[in-house]
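Q: Let me give you the structure first, and then I'll get to my questions.
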Amino acid sequence: MNPEIGQYALVLALALAILQTVLPIWGARVGDAALMRTGPALAIGFFGFVALSFAVLTAAYVQSDFSVLNVVENSHSLKPMLYKITGVWGNHEGSMLLWVLVLAIFGALVAVFGSNLPASLKANVLGVQGSIGVAFLLFILLTSNPFTRVVPPPAEGQDLNPILQDIGLAIHPPLLYLGYVGFSVTFAFAVAALLDGRIDAAWARWVRPWALAAWAFLTVGIAMGSYWAYYELGWGGWWFWDPVENASLMPWFAGTALIHSAVVMEKRDALKVWTILLAILAFSLSLLGTFLVRSGVLTSVHAFATDPSRGVFILCILIFFIGGSLALYAFRAPMLRQGGIFAPISREGALVLNNLLLTAAAAAVLIGTLFPLALEAWNGAKITVGPPYFNLTVGALMLPVVFAMPFGPLLAWKRGDLAGAAQRLMLAFGAGIVIAAICLYAQGGGPALAPLGMGLAAFIVLGAVVDIAERAGIGRVPAASAIARLKGLPRAAWGAAIAHAGVGICLFGIIAETSWNAERITGVKLGESFTVGGYELTLARVEPRNGPNYRDLAGIFTIRRGGVEIGTVESSKRVFLARNMPTTEAGIRTFWFSQLYVSLGDELPGGGIGVRAYWKPLVTLIWLGSVVMALGGVLSLSDRRLRVGAPKPAKKPKVVPTPAPVAAE
């Protein structure tokens, strides 16, 4: 497929995006229904041309078309087909095209499934989406064109960065972008509502499905990125407070707060101004993450090494959208009518506490991420804000959030009974104390607060169970009635409980892995053994291997526990030929929810090979809990009340005139 077709498709997509920006918004302003109706067709056309451009670039990678500079710099003819395809977004230019493709997908979804939206609101939403498309298409065409030609074309490509030649690249970036860019819809709804000057409970119901979808994708995207770094980089850690990791965490905090705030707005017609601000902030923090990754201001294993001039262009985009939306918010927010009043001890109050602490956590991460950059720009001083700062600040802010989580659903709207909610949670609280005592007894030393954390995690999970049990009336009504109530519970209620339980499951893994993991760094020769976490590992053999585009030296270890052989684990050092770049392929063996992790080092001068081994108790619960959280969001999204949004007003029935009675002759 000719790469010029992809270039032309981008230009045509830009033209449609400009029309999508201007015509619907102007139609909404002057009340022209015909102009407002152009929005959906333009959004679908915009998606079609961006999809065509992305397909052309993918074809160039699949066919190893080395007349395209982007393919030359990021592919190789010997690379496996999967990594040829994932290599499309494993670079700056291709990933920006994926970013715009996801934006176009969401715009097309609003066009197709937004039939219940008022005409003016839908027109403004699609117009704002179009304006974002204009900005990023200009960025691609002017600074990051993925279809630049090479004359004459080289015979072979330079290959993709070896650490990106992994299945994680096929999963992590698309999911992360679906989350990042998904918040563009909530941003568009917020700006559209400010333009209209009308924000009510129906608006919150329209926004919640998009916020839930973006949040669920972002949750899984962050989790998959964490797992990819865990097994691919060979460091044995699952979160490093890397600035680019922080860039994905900040919109997650804001998005979580947005979902809960929208619930209050929908149910009680309250927190309108705050909900609008959160919708703006969630996408603004996503844009900030895009800037941090692509501006060249960060040095990170996750960042794209790009020309800083591109960062200036993205900075201008940030100033326009973030500054413009906040200026519109400052102008229009004081005119919005506030909603209902509620007592501090109420479900609304619990959700407000949740919002404030989540927003404060996002602010703490933002300060810790940007302060070193600002200080260096100011006076050239270089400092590092590391895990101790983030663990202390974010941990202190999230502790009351997770402790209050089981209470919120048990409190009534407007005015709640805290003592009554606590009484209903006594069984869950008691079980948490028992689990904490068991952990304290079993650990035989170690961090003193870890057992309390495990008890808190159990309290959260069991609190979610209590929420469902209370809704069904278990223990208060006959069993048949309770089962009928369980079946009749809204999916949103099940989804919220499952998401809350996922937080507890994730907390189990975080506390166990950080408190009770074991590490062993040693050198080992063939036949020699060492122990870690109660397991004995013996280097059974070392095998050189050849892959399609790499050489590999694999070490196979026999695993014994209590003298009994229970399996093997394999780790390797891999050198990719095109770039002559080494990588470590960690060996991981899972035992229930815990893992034995082995990372092969370099060959030692006196013979043998270096090994770094870890025992990581319950570590898989970190990612399992994240997936459970996302599944809760998806289940809530499947609730028909959210999928259809606010219903259309019923049409008045036509009055059929009754024929006059005919007189009998």
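By order of appearance in the structure tokens: chains A, B, ..., then residues from 1 within every chain, and ligands from 1 in the order shown.
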Could you list, as JSON, numbers by chain, every residue within 7 Å of segment 149-157 of chain A, counting only C-alpha atoms and ignoring same-chain residues fewer than 4 positions away?
A: {"A": [66, 67, 68, 69, 71, 72, 73, 74, 75, 76, 77]}
Q: Pull N, CA and C atoms from the residues just selected and write them as a compact mmCIF listing (two decimals), in the first residue's frame.
A:
# COMPACT_ATOMS: atom_id res chain seq x y z
N PHE A 66 11.10 -0.30 3.71
CA PHE A 66 12.18 0.54 4.23
C PHE A 66 12.37 1.82 3.44
N SER A 67 11.41 2.15 2.59
CA SER A 67 11.41 3.48 1.99
C SER A 67 10.76 4.50 2.92
N VAL A 68 10.15 4.02 4.02
CA VAL A 68 9.54 4.89 5.03
C VAL A 68 10.49 5.00 6.21
N LEU A 69 10.89 6.23 6.56
CA LEU A 69 11.88 6.45 7.60
C LEU A 69 11.45 5.84 8.92
N VAL A 71 9.68 3.23 9.50
CA VAL A 71 9.87 1.77 9.46
C VAL A 71 11.36 1.44 9.57
N VAL A 72 12.19 2.21 8.90
CA VAL A 72 13.64 1.98 8.96
C VAL A 72 14.14 2.08 10.40
N GLU A 73 13.67 3.09 11.13
CA GLU A 73 14.19 3.36 12.47
C GLU A 73 13.63 2.42 13.53
N ASN A 74 12.55 1.69 13.20
CA ASN A 74 11.89 0.93 14.26
C ASN A 74 11.50 -0.49 13.86
N SER A 75 12.05 -1.00 12.77
CA SER A 75 11.68 -2.36 12.37
C SER A 75 12.86 -3.06 11.72
N HIS A 76 12.66 -4.33 11.44
CA HIS A 76 13.69 -5.19 10.86
C HIS A 76 12.98 -6.34 10.17
N SER A 77 13.52 -6.78 9.05
CA SER A 77 12.82 -7.81 8.29
C SER A 77 12.75 -9.14 9.02
Q: What are the DSSP helix (DSSP H, G or I) residues of segment 599-637 of chain A, as a ChimeraX atom specification?
A: /A:620-637
Q: Please provide the set of residues having any atom within 10 Å of segment 262-266 of chain A, restricted to only C-alpha atoms, with same-chain residues fewer than 3 positions apart removed, written as a ChimeraX atom specification.
A: /A:199-208,211,257-259,269-276,278-279,339-340,347-349,351-352,413
Q: Please provide as a list in words all residues within 6 Å of Tyr535 of chain A, with the sequence filter that same-chain residues fewer than 4 positions apart are discarded (counting only C-alpha atoms).
A: Thr531, Arg560 and Arg561 of chain A
Q: The selected residues should be written to file as a tab-separated table (two decimals), in the first residue's frame (atoms: N, CA and C atoms).
A:
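After the write, out_28.tsv holds the following:
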chain	number	residue	atom	x	y	z
A	531	THR	N	19.65	-20.41	48.21
A	531	THR	CA	18.27	-20.40	48.70
A	531	THR	C	17.74	-18.97	48.72
A	560	ARG	N	13.72	-26.64	44.43
A	560	ARG	CA	13.40	-27.63	45.46
A	560	ARG	C	12.87	-26.91	46.70
A	561	ARG	N	11.95	-27.55	47.36
A	561	ARG	CA	11.46	-27.07	48.65
A	561	ARG	C	11.37	-28.26	49.60
Q: Where does segment 57-103 of chain A meet segment 280-294 of chain A within 12 Å, residue by residue, with the nearest atom pair and distance in Å to one decimal for each, counting only C-alpha atoms, listed by chain and rising number, as JSON lines?
A:
{"residue": "A:Asn91", "atom": "CA", "partner": "A:Arg294", "partner_atom": "CA", "distance": 10.4}
{"residue": "A:His92", "atom": "CA", "partner": "A:Arg294", "partner_atom": "CA", "distance": 7.4}
{"residue": "A:Glu93", "atom": "CA", "partner": "A:Arg294", "partner_atom": "CA", "distance": 10.2}
{"residue": "A:Ser95", "atom": "CA", "partner": "A:Arg294", "partner_atom": "CA", "distance": 10.5}
{"residue": "A:Met96", "atom": "CA", "partner": "A:Thr290", "partner_atom": "CA", "distance": 9.4}
{"residue": "A:Trp99", "atom": "CA", "partner": "A:Thr290", "partner_atom": "CA", "distance": 9.7}
Q: Restricted to C-alpha atoms, what would the selected residues look like written as an mmCIF file, in the first residue's frame?
A:
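Saved the output as out_33.cif:
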data_model
loop_
_atom_site.group_PDB
_atom_site.id
_atom_site.type_symbol
_atom_site.label_atom_id
_atom_site.label_comp_id
_atom_site.auth_asym_id
_atom_site.auth_seq_id
_atom_site.Cartn_x
_atom_site.Cartn_y
_atom_site.Cartn_z
ATOM 1 C CA ASN A 91 7.846 4.891 18.561
ATOM 2 C CA HIS A 92 6.933 8.560 18.838
ATOM 3 C CA GLU A 93 5.327 9.101 15.422
ATOM 4 C CA SER A 95 2.147 6.228 18.928
ATOM 5 C CA MET A 96 0.878 9.750 18.206
ATOM 6 C CA TRP A 99 -3.409 8.551 20.038
#
Q: Residues of segment 36-150 of chain A that approach segment 171-185 of chain A to 8 Å or less, counting only C-alpha atoms: could you list each one with the shortest pair of atoms and its distance in Å to one decimal, rows by chain and increasing residue number, as a Markdown table?
A:
| residue | atom | partner | partner_atom | distance |
| --- | --- | --- | --- | --- |
| A:Trp89 | CA | A:Pro173 | CA | 7.9 |
| A:Leu98 | CA | A:Pro174 | CA | 7.8 |
| A:Trp99 | CA | A:Tyr177 | CA | 6.3 |
| A:Val102 | CA | A:Leu178 | CA | 6.3 |
| A:Leu103 | CA | A:Val181 | CA | 5.9 |
| A:Phe106 | CA | A:Gly182 | CA | 6.8 |
| A:Gly107 | CA | A:Val185 | CA | 7.7 |
| A:Val125 | CA | A:Val185 | CA | 7.5 |
| A:Gln129 | CA | A:Ser184 | CA | 7.1 |
Q: Considering only C-alpha atoms, return as a list in words whatever protein or nucleic-acid residues lie within 12 Å of Gly547 of chain A, sequence-local ones (same chain, fewer than 4 positions apart) excluded.
A: Leu78, Lys79, Pro80, Arg551, Asp552, Leu553, Ala554, Arg574, Val575, Phe576 and Leu577 of chain A
Q: Mind writing the picked residues with C-alpha atoms as an mmCIF file, in the first residue's frame?
A:
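Wrote it out as again-v6.cif, contents follow:
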data_model
loop_
_atom_site.group_PDB
_atom_site.id
_atom_site.type_symbol
_atom_site.label_atom_id
_atom_site.label_comp_id
_atom_site.auth_asym_id
_atom_site.auth_seq_id
_atom_site.Cartn_x
_atom_site.Cartn_y
_atom_site.Cartn_z
ATOM 1 C CA LEU A 78 13.698 -10.651 10.695
ATOM 2 C CA LYS A 79 11.506 -9.329 13.476
ATOM 3 C CA PRO A 80 8.521 -11.608 14.356
ATOM 4 C CA ARG A 551 21.221 -14.537 20.440
ATOM 5 C CA ASP A 552 20.245 -15.928 23.808
ATOM 6 C CA LEU A 553 22.084 -17.455 26.786
ATOM 7 C CA ALA A 554 19.568 -19.245 29.013
ATOM 8 C CA ARG A 574 19.478 -11.814 25.191
ATOM 9 C CA VAL A 575 21.473 -9.747 22.665
ATOM 10 C CA PHE A 576 19.616 -8.287 19.674
ATOM 11 C CA LEU A 577 21.804 -8.365 16.588
#
Q: Which residues are near Cys316 of chain A? Cut-off 12 Å, only C-alpha atoms, ignore same chain within fewer than 4 positions. Put them as a VMD selection string.
A: chain A and resid 135 to 136 138 to 139 287 to 288 291 295 309 to 312 320 to 324
Q: Determine, counting only C-alpha atoms, which protein, DNA and RNA residues have an atom within 12 Å of an atom of Leu14 of chain A; residues of the same chain fewer than 2 positions away are not included. Present the result as a PyMOL selection string.
A: chain A and resi 7-12+16-21+42-43+45-50+53+100+104+130-142
